[in-house]
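S.K.: Sending over a structure as structure tokens; questions will come in a sec.
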2 protein chains.
Amino acid sequence: MSFEFIENGSPTSASGFLAAGVTAGFKRSGAPDFAMIVSEKPADFAGVFTSCTFAAAPVRVCQQRVRESDFLQAVIINSGNANACTGEAGLAAARQSCEIAADALNIPADAVAVASTGRIGVQMNMQLIEKGVALAVPALSADGGNTAAEAIMTTDTVAKAAAVKVKFGEKSICIGAMTKGAGMIDPHLTAPHATMICIITTDAKISKKQLQKILAVNADNSFNRITVDGDMSTNDTVLFLANGASGIEIAPDSKDEEAFAEALLALMQNLAKRMVLDGEGATKFVEVKVINARSEKDAKLAAEAVGNSLLCKTAWFGNDPNWGRVVAALGYSGAEFTAEKCDIYFGDVPVVKNGGDAGTPEADLLATVKEREFTITCDFNEGDAEYWVWASDVSYEYVKINADYHT
Amino acid sequence: MSFEFIENGSPTSASGFLAAGVTAGFKRSGAPDFAMIVSEKPADFAGVFTSCTFAAAPVRVCQQRVRESDFLQAVIINSGNANACTGEAGLAAARQSCEIAADALNIPADAVAVASTGRIGVQMNMQLIEKGVALAVPALSADGGNTAAEAIMTTDTVAKAAAVKVKFGEKSICIGAMTKGAGMIDPHLTAPHATMICIITTDAKISKKQLQKILAVNADNSFNRITVDGDMSTNDTVLFLANGASGIEIAPDSKDEEAFAEALLALMQNLAKRMVLDGEGATKFVEVKVINARSEKDAKLAAEAVGNSLLCKTAWFGNDPNWGRVVAALGYSGAEFTAEKCDIYFGDVPVVKNGGDAGTPEADLLATVKEREFTITCDFNEGDAEYWVWASDVSYEYVKINADYHT
């Protein structure tokens with residue numbers, strides 16, 4: 001490995017990035033709800049976003065930045081209001097938010113991106129944005145990444161930030177990131193789904209084109225593989241800023257680029273896993289792997305059906321080794337496979353052999369499903385394609401959180 | 001209307017049908033778990049079944065009957081063991097079950113169909129089948145339909161049977177039915193999904209070919225429109241037997257056939273609705289209608305996404321008029337529509353206008369979502385296609401039932 005995780009890593013672990021998290025007043029609780037990440041220098045950048053037809057106003061502004069801006073220098077994020085389904089007024093509010101931050105930072109408005117998470121259908125209170133910016137700018141600091149990570153939480157119970165150091169000979173660069181998201185989590189970043197928001201920073205020098213390519217591939221292998229509730233959000237946003245502060249340039253299609261992408265994937269998977277572990281009401285982390293399928297499409301359909309099955313998720317919550325529900329989900333997934341060839345394992349323990357009971361004593365299965373984390377492997381024994389997803393269970397607490405969220 | 005519902009209707013409301021429900025011992029609780037329906041005369045018949053790749057052994061036997069048998073005369077149904085994922089032994093057991101019943105009734109084995117519901121992956125205990133048959137045959141009676149309906153319940157809290165009388169001039173025929181299913185309910189009968197089992201009887205004389213056509217169309221407009229948990233079962237079975245005992249023949253492509261099909265649809269929708277009302281832990285019955293869509297495919301994708309959304313279902317349970325979750329589900333459904341043209345109503349109350357908040361005071365929305373039954377109408381304002389589904393909510397009780405089902 002040419003990279004390592006940094007203790008207490010965050011977006012400000014990368015050189016030349018400042019961050020702050022403050023209380024603007026979006027949340028009734030008085031908890032921090034406005035974050036700002038600023039690069040000291042203009043940064044190359046890339047983004048992937050929700051594929052929801054009702055993409056929120058801030059998502060549309062970010063998409064415009066990706067299309068039209070040469071660089072970014074700041075990202076503002078509020079929690080407590082998604083600014084989704086807010087029409088032209090909402091779009092104007094998102095743009096104006098960028099302008100307010102740009103004025104305060106003395107940078108162009110098109111170098112500011114915005115992300116929002118919270119309730120859908122509520123117009124933005126611009127006074128709160130003004131207050132957030134006014135409080136955040138003087139609070140910006142080179143170790144503010146973790147504070148920013150706290151300010152973007154909604155139903156998250158823990159802040160989620162991390163950073164990796166990637167060595168290139170004697171020198172090294174850093175990639176830092178923060179993310180949020182515990183519900184409405186099933187990202188398809190185009191294309192993610194969830195309200196997940198992730199801001200990634202690096203002090204490497206790397207072009208927008210490289211960033212976009214690496215980010216999209218890595219999103220497919222991290223955030224797009226997780227599901228809490230199967231509901232994709234209107235606001236999913238992943239932004240990646242590269243400011244070059246390390247002085248190290250990553251050449252296109254080089255070994256260095258490969259190492260960079262590999263380290264980034266580890267960082268994104270670390271955060272993706274923590275999102276599932278912190279999923280609303282989650283008590284389990286289940287990796288669903290489908291192997292030896294005819295095609296990746298079949299493996300994906302099958303893995304996602306199991307990961308999203310309400311009956312599987314409630315069985316996991318109940319420590320119930322009920323493999324019949326896994327089999328049913330595979331069977332309705334739309335994946336093409338031969339039932340009689342299908343083997344299933346809970347952890348390393350065979351559960352289903354040739355489409356029927358493998359005969360393992362239930363006590364052995366129970367030992368696996370009682371674990372906080374376990375893997376369900378479905379072997380179709382027909383080809384060499386595979387796919388995996390990471391899923392949480394569905395608990396009483398999940399219902400409580402989502403039945404009471406509004407009121 | 002040329003038909004009317006019969007009080008306490010059941011499969012034995014149709015002339016020439018006998019039924020019984022007995023305790024064979026499949027359920028630990030000692031509740032009735034074995035049902036038999038017998039036609040005094042050989043009956044034309046049709047069937048629609050799960051489209052699950054892991055279709056259970058009894059489903060495969062029924063499919064063989066549809067392909068190969070000229071008539072049916074009996075159906076046996078056990079609850080407590082699904083005989084799914086039981087391989088060749090399970091298939092042999094399903095066939096043997098038919099033989100045991102055929103011997104006892106002195107009819108050919110290929111005139112007996114079998115349906116099972118319960119745990120997946122457990123081999124059938126043939127002694128229990130023998131006991132069930134031995135107890136049921138002497139108990140068969142012309143008013144046993146409701147007893148049979150009780151014996152096929154699993155997590156159902158109420159037995160579900162009904163019958164309609166269809167008038168043709170001075171004469172009339174009867175269509176009776178019983179159904180079960182409260183969880184693993186999202187039938188796609190080919191094609192339904194759910195473990196739903198429904199046995200329909202009629203004393204009309206009508207050909208197998210007519211029955212199959214009418215049954216398939218009506219299943220698409222009843223059972224295939226319901227969802228409790230979005231999980232299709234391995235065992236979904238709908239069988240329709242017509243014994244001609246009324247002496248009235250329904251000619252193909254006639255007005256009579258239309259009237260017959262219309263009455264059958266009312267009967268199937270009545271049962272489908274009661275399945276959702278009795279869905280595991282259900283406290284709500286929500287009709288999700290998508291209207292004025294570009295195509296029925298778009299309307300269906302959109303309606304099913306809302307009906308299966310865990311976030312919508314938990315909001316309904318919480319009496320939460322959170323339309324943002326409806327919008328999010330429409331947005332990720334894959335349906336093609338224009339967000340800015342979309343209007344949404346809860347009952348008759350406008351919630352979303354042109355893709356944004358319609359401005360209705362929350363108290364008015366609350367009044368609708370507090371009802372036991374309500375309709376959510378999504379108007380895409382783009383075409384003339386429509387689709388609807390019936391969905392239940394997801395409650396603490398749902399989680400309890402499905403986390404504790406096994407243990």
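Here, A, B, ... name the chains of the structure tokens in the order displayed, residue numbers run from 1 inside each chain, and ligands are numbered from 1 in the same displayed order.
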Per DSSP on the backbone, filter segment 41-163 of chain A down to the residues in strand (DSSP E or B) and report them as a PyMOL selection string.
M.R.: chain A and resi 41-49+72-81+112-119+141+160-163
S.K.: Create the file for the chosen residues now, containing N, CA and C atoms and written as a compact mmCIF listing (two decimals), in the first residue's frame.
M.R.:
```
# COMPACT_ATOMS: atom_id res chain seq x y z
N LYS A 41 -6.29 28.53 -2.52
CA LYS A 41 -6.07 28.83 -3.94
C LYS A 41 -7.21 28.21 -4.75
N PRO A 42 -7.46 28.76 -5.93
CA PRO A 42 -8.48 28.15 -6.79
C PRO A 42 -8.17 26.66 -7.01
N ALA A 43 -9.20 25.82 -6.97
CA ALA A 43 -9.00 24.37 -7.04
C ALA A 43 -9.69 23.77 -8.25
N ASP A 44 -8.97 22.86 -8.92
CA ASP A 44 -9.66 22.03 -9.92
C ASP A 44 -10.70 21.21 -9.16
N PHE A 45 -11.74 20.77 -9.87
CA PHE A 45 -12.81 20.09 -9.12
C PHE A 45 -13.63 19.18 -10.02
N ALA A 46 -14.37 18.31 -9.40
CA ALA A 46 -15.29 17.41 -10.10
C ALA A 46 -16.47 17.15 -9.18
N GLY A 47 -17.55 16.63 -9.75
CA GLY A 47 -18.73 16.34 -8.93
C GLY A 47 -19.57 15.23 -9.52
N VAL A 48 -20.22 14.49 -8.66
CA VAL A 48 -21.25 13.53 -9.08
C VAL A 48 -22.47 13.78 -8.20
N PHE A 49 -23.66 13.57 -8.80
CA PHE A 49 -24.89 14.03 -8.16
C PHE A 49 -26.02 13.03 -8.28
N LEU A 72 -13.11 25.90 -8.50
CA LEU A 72 -13.91 26.20 -7.30
C LEU A 72 -12.95 26.66 -6.22
N GLN A 73 -13.48 27.46 -5.31
CA GLN A 73 -12.62 27.85 -4.20
C GLN A 73 -13.34 27.67 -2.84
N ALA A 74 -14.65 27.50 -2.89
CA ALA A 74 -15.39 27.34 -1.62
C ALA A 74 -16.64 26.49 -1.82
N VAL A 75 -17.01 25.79 -0.78
CA VAL A 75 -18.27 25.04 -0.76
C VAL A 75 -18.99 25.39 0.54
N ILE A 76 -20.26 25.74 0.42
CA ILE A 76 -21.06 25.96 1.63
C ILE A 76 -22.13 24.86 1.70
N ILE A 77 -22.37 24.39 2.88
CA ILE A 77 -23.34 23.30 3.07
C ILE A 77 -24.20 23.64 4.28
N ASN A 78 -25.52 23.57 4.08
CA ASN A 78 -26.40 23.73 5.25
C ASN A 78 -27.17 22.44 5.48
N SER A 79 -27.44 22.13 6.72
CA SER A 79 -28.32 21.01 7.07
C SER A 79 -29.57 21.60 7.72
N GLY A 80 -30.73 20.95 7.49
CA GLY A 80 -31.98 21.45 8.06
C GLY A 80 -32.96 21.92 7.02
N ASN A 81 -32.50 22.14 5.80
CA ASN A 81 -33.39 22.52 4.70
C ASN A 81 -32.75 22.05 3.40
N VAL A 112 -17.96 29.25 -6.10
CA VAL A 112 -18.57 28.74 -4.87
C VAL A 112 -19.63 27.70 -5.23
N ALA A 113 -19.59 26.55 -4.57
CA ALA A 113 -20.61 25.52 -4.75
C ALA A 113 -21.43 25.43 -3.46
N VAL A 114 -22.64 24.88 -3.60
CA VAL A 114 -23.53 24.83 -2.45
C VAL A 114 -24.19 23.45 -2.38
N ALA A 115 -24.34 22.94 -1.18
CA ALA A 115 -25.07 21.68 -0.97
C ALA A 115 -25.99 21.86 0.22
N SER A 116 -27.15 21.21 0.15
CA SER A 116 -28.14 21.36 1.21
C SER A 116 -28.73 20.01 1.56
N THR A 117 -29.12 19.83 2.78
CA THR A 117 -29.78 18.60 3.21
C THR A 117 -30.75 18.94 4.32
N GLY A 118 -31.88 18.24 4.33
CA GLY A 118 -32.90 18.53 5.34
C GLY A 118 -34.27 18.35 4.73
N ARG A 119 -35.22 19.13 5.17
CA ARG A 119 -36.59 18.96 4.73
C ARG A 119 -36.77 19.42 3.28
N SER A 141 -10.60 27.66 9.72
CA SER A 141 -9.28 27.33 10.25
C SER A 141 -8.75 26.08 9.57
N LYS A 160 -18.65 12.11 10.28
CA LYS A 160 -17.88 11.16 9.48
C LYS A 160 -16.86 11.91 8.62
N ALA A 161 -15.60 11.87 9.01
CA ALA A 161 -14.54 12.50 8.23
C ALA A 161 -13.36 11.56 8.24
N ALA A 162 -12.47 11.72 7.27
CA ALA A 162 -11.29 10.86 7.19
C ALA A 162 -10.31 11.50 6.22
N ALA A 163 -9.08 11.02 6.26
CA ALA A 163 -8.08 11.49 5.30
C ALA A 163 -7.02 10.41 5.11
```
S.K.: Might you pull out every residue within 9 Å of Phe17 of chain B, with only C-alpha atoms counted and same-chain residues fewer than 4 positions away left off, and present them as a ChimeraX atom specification?
M.R.: /B:11-13,37-41,141-143,145,201-203,243,245
S.K.: Please indicate the distance in Å from atom CA of Gly25 of chain A to atom CA of Leu277 of chain A, rounded to one decimal place.
M.R.: 28.0 Å
S.K.: Go through chain A and flag each residue having an atom no more than 8 Å from chain B; for those, report the closest pair of atoms plus their distance in Å to one decimal, using only C-alpha atoms, ordered by chain and rising number, as CSV.
M.R.:
```
residue,atom,partner,partner_atom,distance
A:Ser51,CA,B:Tyr332,CA,7.0
A:Cys52,CA,B:Gly331,CA,4.6
A:Thr53,CA,B:Gly331,CA,4.3
A:Phe54,CA,B:Gly331,CA,5.2
A:Ala55,CA,B:Gly331,CA,7.9
A:Cys85,CA,B:Gly356,CA,4.7
A:Thr86,CA,B:Gly356,CA,5.3
A:Gly87,CA,B:Gly356,CA,5.9
A:Arg119,CA,B:Gly324,CA,7.3
A:Ile120,CA,B:Gly324,CA,4.9
A:Gly121,CA,B:Asp357,CA,5.8
A:Val122,CA,B:Asp357,CA,7.6
A:Met184,CA,B:Leu311,CA,7.3
A:Asp229,CA,B:Leu310,CA,6.3
A:Gly230,CA,B:Leu310,CA,7.4
A:Asp231,CA,B:Ser309,CA,6.5
A:Met232,CA,B:Tyr332,CA,6.3
A:Ser233,CA,B:Ala328,CA,6.0
A:Thr234,CA,B:Ala328,CA,5.8
A:Ser309,CA,B:Asp231,CA,6.5
A:Leu310,CA,B:Asp229,CA,6.2
A:Leu311,CA,B:Asn402,CA,6.6
A:Thr314,CA,B:Ala403,CA,5.0
A:Ala315,CA,B:Ala403,CA,4.8
A:Trp316,CA,B:Ala403,CA,7.4
A:Phe317,CA,B:Ala403,CA,6.1
A:Gly318,CA,B:Ala403,CA,4.1
A:Asn319,CA,B:Ala403,CA,7.5
A:Asp320,CA,B:His406,CA,6.4
A:Asn322,CA,B:His406,CA,7.0
A:Trp323,CA,B:Ile120,CA,7.9
A:Gly324,CA,B:Ile120,CA,4.9
A:Arg325,CA,B:Ile120,CA,7.9
A:Val327,CA,B:Phe54,CA,7.1
A:Ala328,CA,B:Thr234,CA,5.8
A:Ala329,CA,B:Asp231,CA,6.7
A:Leu330,CA,B:Thr53,CA,7.7
A:Gly331,CA,B:Thr53,CA,4.3
A:Tyr332,CA,B:Cys52,CA,4.8
A:Phe337,CA,B:Thr53,CA,7.9
A:Thr338,CA,B:Thr53,CA,7.7
A:Ala339,CA,B:Phe54,CA,5.8
A:Glu340,CA,B:Gly87,CA,7.5
A:Gly355,CA,B:Cys85,CA,5.8
A:Gly356,CA,B:Cys85,CA,4.6
A:Asp357,CA,B:Gly121,CA,5.7
A:Val394,CA,B:Val399,CA,7.4
A:Ser395,CA,B:Val399,CA,6.5
A:Tyr396,CA,B:Tyr396,CA,5.5
A:Val399,CA,B:Thr314,CA,5.9
A:Lys400,CA,B:Tyr396,CA,7.7
A:Asn402,CA,B:Thr314,CA,5.6
A:Ala403,CA,B:Gly318,CA,4.1
A:Asp404,CA,B:Gly318,CA,6.1
A:His406,CA,B:Asp320,CA,6.5
A:Thr407,CA,B:Asp320,CA,7.0
```
S.K.: Would you return as a PyMOL selection string the members of segment 52-210 of chain B that DSSP assigns to alpha helix (DSSP H) on this structure's backbone?
M.R.: chain B and resi 57-68+87-105+126-139+145-151+208-210
S.K.: Please measure the separation of atom CA of Val66 of chain B and atom CA of Lys209 of chain B, giving the value in Å to one decimal.
M.R.: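 Computing it gives 10.4 Å between the two atoms.
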S.K.: What's around Leu140 of chain B at 6 Å? Count only C-alpha atoms, leave out sequence neighbours fewer than 4 positions away in its own chain, and write the answer as a list in words.
M.R.: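 The contact residues come out as Leu18, Ala19 and Ala20 of chain B.
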S.K.: By how many Å are atom CA of Glu371 of chain B and atom CA of Val288 of chain B apart?
M.R.: 14.6 Å
